[in-house]
$ cat upload-v1.csv   # CSV, C-alpha atoms
chain,number,residue,atom,x,y,z
A,1,MET,CA,-12.6,28.0,29.7
A,2,ILE,CA,-13.8,26.6,32.9
A,3,LYS,CA,-14.6,23.0,32.3
A,4,SER,CA,-17.5,22.9,34.7
A,5,LEU,CA,-19.4,25.3,32.4
A,6,ALA,CA,-19.8,22.5,29.8
A,7,LYS,CA,-23.3,20.9,29.9
A,8,PRO,CA,-23.2,17.1,29.2
A,9,ASP,CA,-25.4,15.9,26.5
A,10,PRO,CA,-28.1,13.4,27.8
A,11,TRP,CA,-27.5,11.3,24.6
A,12,ARG,CA,-23.8,11.0,25.4
A,13,THR,CA,-24.3,7.4,26.6
A,14,LEU,CA,-25.1,6.4,23.0
A,15,SER,CA,-21.6,7.2,21.9
A,16,ARG,CA,-20.4,3.9,23.2
A,17,PHE,CA,-22.1,2.3,20.2
A,18,THR,CA,-20.4,4.4,17.5
A,19,GLN,CA,-17.3,6.4,16.7
A,20,ALA,CA,-19.4,9.2,15.3
A,21,HIS,CA,-19.2,12.6,16.9
A,22,ILE,CA,-22.5,12.6,18.8
A,23,GLY,CA,-23.6,13.8,22.3
A,24,LEU,CA,-20.8,16.3,22.4
A,25,GLY,CA,-22.4,18.6,25.0
A,26,ARG,CA,-22.7,22.4,25.0
A,27,VAL,CA,-21.0,25.5,26.5
A,28,GLY,CA,-23.4,28.3,25.9
A,29,SER,CA,-24.1,28.3,22.1
A,30,SER,CA,-20.9,26.5,21.3
A,31,LEU,CA,-19.2,23.1,21.7
A,32,PRO,CA,-16.9,22.3,24.6
A,33,THR,CA,-13.2,22.9,23.9
A,34,GLU,CA,-12.4,19.1,24.1
A,35,ALA,CA,-15.1,18.3,21.5
A,36,MET,CA,-14.0,21.1,19.2
A,37,LEU,CA,-10.3,20.0,19.3
A,38,SER,CA,-11.3,16.4,18.6
A,39,PHE,CA,-13.4,17.5,15.6
A,40,SER,CA,-10.5,19.6,14.2
A,41,MET,CA,-8.1,16.7,14.6
A,42,ALA,CA,-10.5,14.3,12.8
A,43,HIS,CA,-10.9,16.8,10.0
A,44,ALA,CA,-7.2,17.3,9.6
A,45,ARG,CA,-6.7,13.5,9.4
A,46,ALA,CA,-9.4,13.2,6.7
A,47,ARG,CA,-7.7,15.9,4.6
A,48,ASN,CA,-4.3,14.4,5.0
A,49,VAL,CA,-5.3,11.0,3.9
A,50,ILE,CA,-6.8,12.3,0.6
A,51,TYR,CA,-3.4,13.6,-0.4
A,52,ALA,CA,-1.3,10.8,1.0
A,53,PRO,CA,0.4,9.0,-1.9
A,54,PHE,CA,-0.4,5.4,-2.7
A,55,GLN,CA,2.6,3.0,-2.5
A,56,PRO,CA,2.0,0.3,-5.1
A,57,ASP,CA,5.6,-0.9,-5.1
A,58,THR,CA,5.4,-1.7,-1.4
A,59,LEU,CA,2.0,-3.3,-1.7
A,60,SER,CA,3.3,-5.3,-4.7
A,61,LEU,CA,6.1,-6.8,-2.7
A,62,GLU,CA,3.6,-7.7,0.1
A,63,LEU,CA,1.3,-9.4,-2.4
A,64,LYS,CA,4.2,-11.4,-3.8
A,65,ASP,CA,5.2,-12.6,-0.4
A,66,ALA,CA,1.6,-13.8,0.1
A,67,GLY,CA,1.5,-15.6,-3.2
A,68,PHE,CA,-0.3,-13.1,-5.5
A,69,TYR,CA,1.0,-11.9,-8.8
A,70,SER,CA,0.4,-8.2,-9.6
A,71,ARG,CA,0.7,-5.7,-12.3
A,72,ARG,CA,0.4,-1.9,-12.5
A,73,ALA,CA,-2.2,0.5,-14.1
A,74,TRP,CA,-2.9,4.2,-13.8
A,75,SER,CA,-5.6,6.6,-14.9
A,76,GLN,CA,-5.4,9.6,-17.2
A,77,ALA,CA,-5.1,11.9,-14.2
A,78,LYS,CA,-1.5,13.1,-14.1
A,79,ASP,CA,-1.3,13.9,-10.4
A,80,ARG,CA,-3.5,14.2,-7.3
A,81,ILE,CA,-4.6,17.7,-8.0
A,82,GLU,CA,-5.9,16.8,-11.5
A,83,TYR,CA,-7.5,13.7,-10.1
A,84,LEU,CA,-9.5,15.7,-7.6
A,85,HIS,CA,-10.5,18.4,-10.1
A,86,ARG,CA,-11.2,16.0,-13.1
A,87,PRO,CA,-13.1,12.9,-11.9
A,88,ASP,CA,-13.6,11.9,-15.6
A,89,LEU,CA,-9.9,11.4,-16.1
A,90,GLY,CA,-9.8,9.1,-13.0
A,91,ARG,CA,-12.3,6.8,-14.7
A,92,ARG,CA,-10.3,6.1,-17.9
A,93,LEU,CA,-7.0,4.3,-18.3
A,94,SER,CA,-3.8,6.0,-19.4
A,95,ILE,CA,-3.0,4.7,-22.9
A,96,ASP,CA,0.6,4.0,-21.7
A,97,CYS,CA,-0.5,1.1,-19.5
A,98,ILE,CA,-3.1,-0.6,-21.7
A,99,SER,CA,-0.6,-2.8,-23.6
A,100,ASP,CA,0.7,-4.2,-20.3
A,101,LEU,CA,-2.8,-5.2,-19.2
A,102,GLN,CA,-3.5,-7.5,-22.2
A,103,PRO,CA,-4.1,-11.1,-21.1
A,104,THR,CA,-1.9,-13.9,-22.3
A,105,SER,CA,-4.6,-16.5,-22.0
A,106,ASN,CA,-8.4,-16.8,-22.1
A,107,SER,CA,-10.7,-17.9,-19.4
A,108,ALA,CA,-14.5,-17.8,-19.2
A,109,ARG,CA,-14.4,-17.7,-15.4
A,110,ARG,CA,-11.8,-15.0,-14.9
A,111,LEU,CA,-12.2,-12.8,-11.9
A,112,THR,CA,-10.0,-9.6,-12.0
A,113,ILE,CA,-9.4,-7.8,-8.7
A,114,VAL,CA,-8.1,-4.2,-8.8
A,115,ILE,CA,-6.6,-2.5,-5.8
A,116,ALA,CA,-7.0,1.3,-6.2
A,117,ASP,CA,-6.2,4.4,-4.2
A,118,GLY,CA,-9.4,6.2,-4.6
A,119,LEU,CA,-9.9,9.0,-2.1
A,120,SER,CA,-8.0,7.3,0.7
A,121,SER,CA,-4.8,5.5,-0.2
A,122,LEU,CA,-4.5,4.5,3.4
A,123,ALA,CA,-7.5,2.1,3.1
A,124,PRO,CA,-6.2,-0.2,0.3
A,125,GLN,CA,-2.7,0.0,1.8
A,126,GLU,CA,-3.9,-1.2,5.2
A,127,HIS,CA,-6.7,-3.6,4.4
A,128,SER,CA,-6.7,-5.0,0.9
A,129,LEU,CA,-4.1,-7.8,1.4
A,130,ALA,CA,-5.7,-8.9,4.7
A,131,LEU,CA,-9.0,-9.2,2.9
A,132,LEU,CA,-7.5,-11.0,-0.1
A,133,LYS,CA,-5.9,-13.7,2.1
A,134,ILE,CA,-9.3,-14.6,3.5
A,135,LEU,CA,-11.1,-14.3,0.1
A,136,LYS,CA,-8.7,-16.3,-2.0
A,137,PRO,CA,-9.5,-19.8,-0.6
A,138,GLN,CA,-13.2,-19.1,-1.2
A,139,LEU,CA,-12.9,-18.4,-4.9
A,140,VAL,CA,-12.7,-22.0,-6.0
A,141,GLU,CA,-15.4,-21.3,-8.7
A,142,TRP,CA,-13.3,-18.6,-10.3
A,143,ASP,CA,-10.0,-18.2,-12.1
A,144,LEU,CA,-8.3,-15.5,-10.0
A,145,ASP,CA,-6.5,-13.1,-12.3
A,146,ASP,CA,-3.3,-11.1,-11.5
A,147,ILE,CA,-4.0,-8.4,-9.0
A,148,VAL,CA,-4.0,-4.9,-10.7
A,149,LEU,CA,-2.7,-2.0,-8.7
A,150,ALA,CA,-4.1,1.2,-10.0
A,151,THR,CA,-3.3,4.8,-9.0
A,152,GLN,CA,-5.3,8.0,-9.3
A,153,ALA,CA,-8.3,5.7,-9.9
A,154,ARG,CA,-12.0,6.1,-9.6
A,155,VAL,CA,-14.4,3.2,-9.3
A,156,ALA,CA,-15.3,3.0,-13.1
A,157,LEU,CA,-11.6,2.4,-13.9
A,158,GLY,CA,-12.1,-1.2,-12.8
A,159,ASP,CA,-14.6,-1.8,-15.6
A,160,GLU,CA,-12.1,-0.8,-18.3
A,161,ILE,CA,-9.4,-3.0,-16.7
A,162,GLY,CA,-11.8,-5.9,-16.4
A,163,ALA,CA,-12.8,-5.5,-20.0
A,164,ILE,CA,-9.2,-5.6,-21.2
A,165,ARG,CA,-8.5,-8.6,-19.1
A,166,GLY,CA,-11.5,-10.4,-20.5
A,167,ALA,CA,-12.9,-10.9,-17.0
A,168,GLU,CA,-16.3,-12.5,-16.3
A,169,ALA,CA,-16.4,-10.2,-13.3
A,170,VAL,CA,-14.2,-7.4,-11.8
A,171,VAL,CA,-13.9,-6.4,-8.1
A,172,ILE,CA,-12.2,-3.0,-7.4
A,173,LEU,CA,-11.1,-2.5,-3.8
A,174,ILE,CA,-10.8,1.2,-3.4
A,175,GLY,CA,-10.3,3.8,-0.7
A,176,GLU,CA,-13.6,5.5,0.2
A,177,ARG,CA,-14.1,9.2,0.8
A,178,PRO,CA,-12.7,9.7,4.3
A,179,GLY,CA,-15.1,10.6,7.1
A,180,LEU,CA,-14.3,12.4,10.4
A,181,THR,CA,-13.8,9.1,12.2
A,182,ALA,CA,-13.2,6.7,9.3
A,183,ALA,CA,-10.3,7.7,7.1
A,184,ASP,CA,-9.4,4.1,6.3
A,185,SER,CA,-12.7,2.7,4.9
A,186,LEU,CA,-12.2,0.3,2.1
A,187,GLY,CA,-15.0,-0.2,-0.5
A,188,ALA,CA,-15.5,-3.2,-2.8
A,189,TYR,CA,-17.4,-2.7,-6.0
A,190,ILE,CA,-18.5,-5.6,-8.2
A,191,THR,CA,-19.3,-5.5,-11.9
A,192,TYR,CA,-20.4,-8.6,-13.8
A,193,GLU,CA,-19.3,-8.6,-17.5
A,194,PRO,CA,-17.5,-5.2,-17.2
A,195,TYR,CA,-17.0,-2.8,-20.0
A,196,VAL,CA,-16.5,0.9,-20.4
A,197,GLY,CA,-19.8,2.8,-20.0
A,198,ARG,CA,-21.3,0.7,-17.2
A,199,SER,CA,-23.3,2.9,-14.9
A,200,ASP,CA,-23.2,3.0,-11.1
A,201,ALA,CA,-26.5,1.3,-11.0
A,202,GLU,CA,-24.9,-1.7,-12.6
A,203,ARG,CA,-22.5,-2.3,-9.8
A,204,ASN,CA,-22.8,-3.7,-6.2
A,205,CYS,CA,-20.9,-2.1,-3.4
A,206,ILE,CA,-19.7,-3.4,0.0
A,207,SER,CA,-18.7,-0.5,2.1
A,208,ASN,CA,-16.7,0.3,5.3
A,209,ILE,CA,-14.4,-2.7,5.3
A,210,ARG,CA,-12.0,-2.2,8.2
A,211,PRO,CA,-11.5,-3.7,11.6
A,212,ALA,CA,-13.7,-1.0,13.2
A,213,GLY,CA,-16.4,-1.5,10.5
A,214,LEU,CA,-17.2,-4.5,8.4
A,215,SER,CA,-14.7,-7.2,9.3
A,216,TYR,CA,-12.6,-8.9,6.6
A,217,GLU,CA,-14.4,-12.2,7.2
A,218,GLN,CA,-17.8,-10.6,6.8
A,219,ALA,CA,-16.7,-8.7,3.7
A,220,ALA,CA,-15.2,-11.8,2.1
A,221,TYR,CA,-18.4,-13.8,2.7
A,222,LYS,CA,-20.6,-11.1,1.1
A,223,LEU,CA,-18.2,-10.8,-1.9
A,224,VAL,CA,-18.3,-14.5,-2.5
A,225,TYR,CA,-22.1,-14.5,-2.2
A,226,LEU,CA,-22.6,-11.6,-4.6
A,227,LEU,CA,-20.2,-13.0,-7.1
A,228,ARG,CA,-22.0,-16.4,-7.1
A,229,GLU,CA,-25.4,-14.7,-7.4
A,230,ALA,CA,-24.2,-12.4,-10.1
A,231,ARG,CA,-23.1,-15.4,-12.2
A,232,VAL,CA,-26.5,-17.0,-11.7
A,233,LEU,CA,-28.4,-13.8,-12.5
A,234,GLY,CA,-26.0,-12.7,-15.3
A,235,GLY,CA,-25.6,-9.2,-13.9
A,236,THR,CA,-24.9,-6.9,-11.0
A,237,GLY,CA,-26.3,-3.7,-9.7
A,238,VAL,CA,-29.9,-2.9,-8.8
A,239,ARG,CA,-31.0,-6.3,-10.1
A,240,LEU,CA,-28.8,-8.1,-7.6
A,241,LYS,CA,-29.8,-7.8,-3.9
A,242,ASP,CA,-27.6,-8.8,-1.0
A,243,ASP,CA,-29.7,-11.4,0.8
A,244,SER,CA,-26.7,-13.1,2.4
A,245,THR,CA,-27.9,-12.3,5.9
A,246,VAL,CA,-31.7,-12.3,5.3
A,247,THR,CA,-34.0,-14.3,7.5
A,248,HIS,CA,-36.7,-15.8,5.3
A,249,LEU,CA,-40.2,-16.8,6.3
A,250,THR,CA,-41.1,-20.0,4.5
A,251,ALA,CA,-44.4,-22.0,4.6
A,252,SER,CA,-44.3,-25.6,5.6
A,253,ASP,CA,-47.2,-28.1,5.6
A,254,GLU,CA,-47.0,-30.4,8.6
A,255,SER,CA,-49.8,-32.8,9.6
A,256,GLY,CA,-52.1,-31.3,7.1
A,257,SER,CA,-51.8,-27.7,8.5
A,258,THR,CA,-49.7,-24.8,7.2
A,259,THR,CA,-47.3,-23.3,9.6
A,260,LEU,CA,-44.6,-20.6,9.2
A,261,GLN,CA,-41.0,-21.7,9.8
A,262,MET,CA,-38.0,-19.4,10.3
A,263,LYS,CA,-35.1,-20.2,8.0
A,264,LYS,CA,-31.7,-18.6,8.2
A,265,THR,CA,-29.7,-18.4,5.0
A,266,VAL,CA,-26.5,-17.6,6.8
A,267,SER,CA,-24.8,-19.5,9.7
A,268,ARG,CA,-21.2,-18.5,9.8
A,269,PRO,CA,-18.9,-18.4,12.9
A,270,GLY,CA,-18.4,-14.8,14.0
A,271,TRP,CA,-21.3,-13.5,11.9
A,272,PRO,CA,-23.8,-11.3,14.0
A,273,GLN,CA,-27.0,-13.1,14.3

$ encode --input "upload-v1.csv" --output "structure tokens"
Amino acid sequence: MIKSLAKPDPWRTLSRFTQAHIGLGRVGSSLPTEAMLSFSMAHARARNVIYAPFQPDTLSLELKDAGFYSRRAWSQAKDRIEYLHRPDLGRRLSIDCISDLQPTSNSARRLTIVIADGLSSLAPQEHSLALLKILKPQLVEWDLDDIVLATQARVALGDEIGAIRGAEAVVILIGERPGLTAADSLGAYITYEPYVGRSDAERNCISNIRPAGLSYEQAAYKLVYLLREARVLGGTGVRLKDDSTVTHLTASDESGSTTLQMKKTVSRPGWPQ
């Protein structure tokens, strides 16, 4: 193909703000070869990461070096193929690992964090430990439980693990469904007072945690905020709104007259204002 036949897209300039495939241009009724090859490569990477095996043993050693204790869990899905075809099995624990998850002590403030493969094992492998290192010092109001490494796991598996551990709240850090330009997005789902049968509407989610998305620092701040508010509210999900970055308009009475005053709820270094 003669490259000069490609017509540039006038919206191409917006691509500097996003990694999404936008403003690709046209050659007749098709895409330019360069754009088509880039799309095919991104699609291949997304497919590969779905089938890439999670490496809990490696991650367990890295957690240990960083001062975290960990234990293992796995769902009822026997392998990746069954995991993809039977989402229901990925939401329940295998009976073989339940006894190892029983707690040896009680705590009314226990926070259990689960690291799970989900649909992208690359995401928890690359980002979970970096996030935990920033998050741990901010969890002074919680008794941080052992980290649970779960394989062939769906989001709801965290609720069953949290219930067995007797957790006040559970956070599952899980690989999100890979996109064409984001195969390593980490999601964090929070459930207050977890138990088997919690619906998706009863959890809060922080999405796209990765260096090119939501930074570790921003994600840690949102997690701590939501956990604190969940404890105050006594629940998570649709009842709990993420107002961690909201600018409120508040009324103040000065010199006998009412004026409106801008009030920021967040002022953290590095946070976009």

$ closest_residue --input "upload-v1.csv" --among "A:Thr191, A:Ser40, A:Thr181, A:Gln125" --to "Leu111 of chain A" --atoms "all atoms listed in the file"
A:Thr191

$ closest_residue --input "upload-v1.csv" --among "A:Arg239, A:His85, A:Arg47, A:Lys133" --to "Ala201 of chain A" --atoms "all atoms listed in the file"
A:Arg239

$ residues_around --input "upload-v1.csv" --residues "Thr58 of chain A" --least-positions-apart "6" --cutoff "12 Å" --atoms "all atoms listed in the file" --output "PDB file with C-alpha atoms, in the frame of the given file"
ATOM      1  CA  LYS A  64       4.200 -11.400  -3.800  1.00  0.00           C
ATOM      2  CA  ASP A  65       5.200 -12.600  -0.400  1.00  0.00           C
ATOM      3  CA  SER A  70       0.400  -8.200  -9.600  1.00  0.00           C
ATOM      4  CA  PRO A 124      -6.200  -0.200   0.300  1.00  0.00           C
ATOM      5  CA  GLN A 125      -2.700   0.000   1.800  1.00  0.00           C
ATOM      6  CA  GLU A 126      -3.900  -1.200   5.200  1.00  0.00           C
ATOM      7  CA  LEU A 129      -4.100  -7.800   1.400  1.00  0.00           C
ATOM      8  CA  LEU A 149      -2.700  -2.000  -8.700  1.00  0.00           C
TER       9      LEU A 149
END

$ atom_distance --input "upload-v1.csv" --atom1 "atom CA of Ile98 of chain A" --atom2 "atom CA of Tyr69 of chain A"
17.6 Å

$ atom_distance --input "upload-v1.csv" --atom1 "atom CA of Leu132 of chain A" --atom2 "atom CA of Gly235 of chain A"
22.8 Å

$ residues_near_point --input "upload-v1.csv" --point "(-8.6, -5.2, 4.0)" --cutoff "9 Å" --atoms "all atoms listed in the file" --output "count of residues only"
19

$ closest_residue --input "upload-v1.csv" --among "A:Val246, A:Ile190, A:Ala183, A:Leu157" --to "Arg91 of chain A" --atoms "all atoms listed in the file"
A:Leu157

$ atom_distance --input "upload-v1.csv" --atom1 "atom CA of Lys241 of chain A" --atom2 "atom CA of Ala153 of chain A"
26.1 Å

$ closest_residue --input "upload-v1.csv" --among "A:Ala150, A:Ala167, A:Ile134, A:Val155" --to "Arg203 of chain A" --atoms "only C-alpha atoms"
A:Val155

$ closest_residue --input "upload-v1.csv" --among "A:Lys7, A:Lys136, A:Arg154, A:Arg71" --to "Arg177 of chain A" --atoms "only C-alpha atoms"
A:Arg154

$ closest_residue --input "upload-v1.csv" --among "A:Ala116, A:Gly234, A:Arg86, A:Ala44" --to "Gly187 of chain A" --atoms "all atoms listed in the file"
A:Ala116

$ residues_around --input "upload-v1.csv" --residues "Ser105 of chain A" --least-positions-apart "4" --cutoff "12 Å" --atoms "all atoms listed in the file" --output "list in words"
Leu101, Arg109, Arg110, Asp143, Asp145, Asp146, Ile164, Arg165, Gly166 and Ala167 of chain A

$ residues_around --input "upload-v1.csv" --residues "Tyr195 of chain A" --least-positions-apart "6" --cutoff "7 Å" --atoms "all atoms listed in the file" --output "JSON, numbers by chain"
{"A": [159, 160, 163]}

$ residues_around --input "upload-v1.csv" --residues "segment 21-37 of chain A" --least-positions-apart "2" --cutoff "8 Å" --atoms "only C-alpha atoms" --output "PDB file with C-alpha atoms, in the coordinates of the input"
ATOM      1  CA  MET A   1     -12.600  28.000  29.700  1.00  0.00           C
ATOM      2  CA  LEU A   5     -19.400  25.300  32.400  1.00  0.00           C
ATOM      3  CA  ALA A   6     -19.800  22.500  29.800  1.00  0.00           C
ATOM      4  CA  LYS A   7     -23.300  20.900  29.900  1.00  0.00           C
ATOM      5  CA  PRO A   8     -23.200  17.100  29.200  1.00  0.00           C
ATOM      6  CA  ASP A   9     -25.400  15.900  26.500  1.00  0.00           C
ATOM      7  CA  PRO A  10     -28.100  13.400  27.800  1.00  0.00           C
ATOM      8  CA  TRP A  11     -27.500  11.300  24.600  1.00  0.00           C
ATOM      9  CA  ARG A  12     -23.800  11.000  25.400  1.00  0.00           C
ATOM     10  CA  THR A  13     -24.300   7.400  26.600  1.00  0.00           C
ATOM     11  CA  LEU A  14     -25.100   6.400  23.000  1.00  0.00           C
ATOM     12  CA  SER A  15     -21.600   7.200  21.900  1.00  0.00           C
ATOM     13  CA  GLN A  19     -17.300   6.400  16.700  1.00  0.00           C
ATOM     14  CA  PHE A  39     -13.400  17.500  15.600  1.00  0.00           C
ATOM     15  CA  SER A  40     -10.500  19.600  14.200  1.00  0.00           C
ATOM     16  CA  MET A  41      -8.100  16.700  14.600  1.00  0.00           C
ATOM     17  CA  THR A 181     -13.800   9.100  12.200  1.00  0.00           C
TER      18      THR A 181
END

$ residues_around --input "upload-v1.csv" --residues "Asp242 of chain A" --least-positions-apart "4" --cutoff "9 Å" --atoms "all atoms listed in the file" --output "list in words"
Asn204, Lys222, Tyr225, Leu226, Glu229 and Val246 of chain A

$ build_atoms --input "upload-v1.csv" --residues "segment 116-135 of chain A" --atoms "N, CA, C and O atoms" --output "compact mmCIF listing (two decimals), in the frame of the given file"
# COMPACT_ATOMS: atom_id res chain seq x y z
N ALA A 116 -7.12 -0.09 -5.74
CA ALA A 116 -7.00 1.30 -6.20
C ALA A 116 -6.96 2.25 -5.02
O ALA A 116 -7.56 2.00 -3.97
N ASP A 117 -6.28 3.39 -5.24
CA ASP A 117 -6.20 4.40 -4.20
C ASP A 117 -7.48 5.07 -3.85
O ASP A 117 -7.86 5.25 -2.70
N GLY A 118 -8.22 5.49 -4.88
CA GLY A 118 -9.40 6.20 -4.60
C GLY A 118 -9.17 7.50 -3.84
O GLY A 118 -8.15 8.17 -4.04
N LEU A 119 -10.05 7.81 -2.92
CA LEU A 119 -9.90 9.00 -2.10
C LEU A 119 -9.22 8.78 -0.78
O LEU A 119 -9.10 9.69 0.02
N SER A 120 -8.79 7.56 -0.55
CA SER A 120 -8.00 7.30 0.70
C SER A 120 -7.03 6.16 0.36
O SER A 120 -7.39 4.98 0.34
N SER A 121 -5.78 6.55 0.09
CA SER A 121 -4.80 5.50 -0.20
C SER A 121 -4.46 4.69 1.03
O SER A 121 -3.93 3.59 0.92
N LEU A 122 -4.79 5.21 2.20
CA LEU A 122 -4.50 4.50 3.40
C LEU A 122 -5.36 3.18 3.50
O LEU A 122 -4.87 2.15 3.96
N ALA A 123 -6.59 3.24 3.00
CA ALA A 123 -7.50 2.10 3.10
C ALA A 123 -6.97 0.86 2.35
O ALA A 123 -6.84 -0.22 2.93
N PRO A 124 -6.67 0.97 1.04
CA PRO A 124 -6.20 -0.20 0.30
C PRO A 124 -4.80 -0.66 0.87
O PRO A 124 -4.49 -1.86 0.88
N GLN A 125 -3.98 0.31 1.30
CA GLN A 125 -2.70 0.00 1.80
C GLN A 125 -2.78 -0.86 3.10
O GLN A 125 -2.00 -1.79 3.34
N GLU A 126 -3.77 -0.56 3.93
CA GLU A 126 -3.90 -1.20 5.20
C GLU A 126 -4.73 -2.50 5.18
O GLU A 126 -4.48 -3.42 5.94
N HIS A 127 -5.74 -2.55 4.30
CA HIS A 127 -6.70 -3.60 4.40
C HIS A 127 -6.87 -4.57 3.25
O HIS A 127 -7.46 -5.64 3.41
N SER A 128 -6.39 -4.19 2.07
CA SER A 128 -6.70 -5.00 0.90
C SER A 128 -6.03 -6.39 0.97
O SER A 128 -6.66 -7.41 0.66
N LEU A 129 -4.78 -6.46 1.39
CA LEU A 129 -4.10 -7.80 1.40
C LEU A 129 -4.72 -8.67 2.48
O LEU A 129 -4.90 -9.87 2.24
N ALA A 130 -5.05 -8.12 3.63
CA ALA A 130 -5.70 -8.90 4.70
C ALA A 130 -7.01 -9.52 4.17
O ALA A 130 -7.35 -10.68 4.44
N LEU A 131 -7.76 -8.72 3.41
CA LEU A 131 -9.00 -9.20 2.90
C LEU A 131 -8.77 -10.28 1.80
O LEU A 131 -9.46 -11.31 1.76
N LEU A 132 -7.77 -10.08 0.94
CA LEU A 132 -7.50 -11.00 -0.10
C LEU A 132 -7.07 -12.40 0.44
O LEU A 132 -7.41 -13.44 -0.12
N LYS A 133 -6.32 -12.40 1.53
CA LYS A 133 -5.90 -13.70 2.10
C LYS A 133 -7.07 -14.50 2.57
O LYS A 133 -7.05 -15.73 2.47
N ILE A 134 -8.10 -13.85 3.07
CA ILE A 134 -9.30 -14.60 3.50
C ILE A 134 -10.17 -14.93 2.30
O ILE A 134 -10.80 -15.99 2.26
N LEU A 135 -10.17 -14.06 1.30
CA LEU A 135 -11.10 -14.30 0.10
C LEU A 135 -10.57 -15.35 -0.80
O LEU A 135 -11.38 -16.14 -1.31
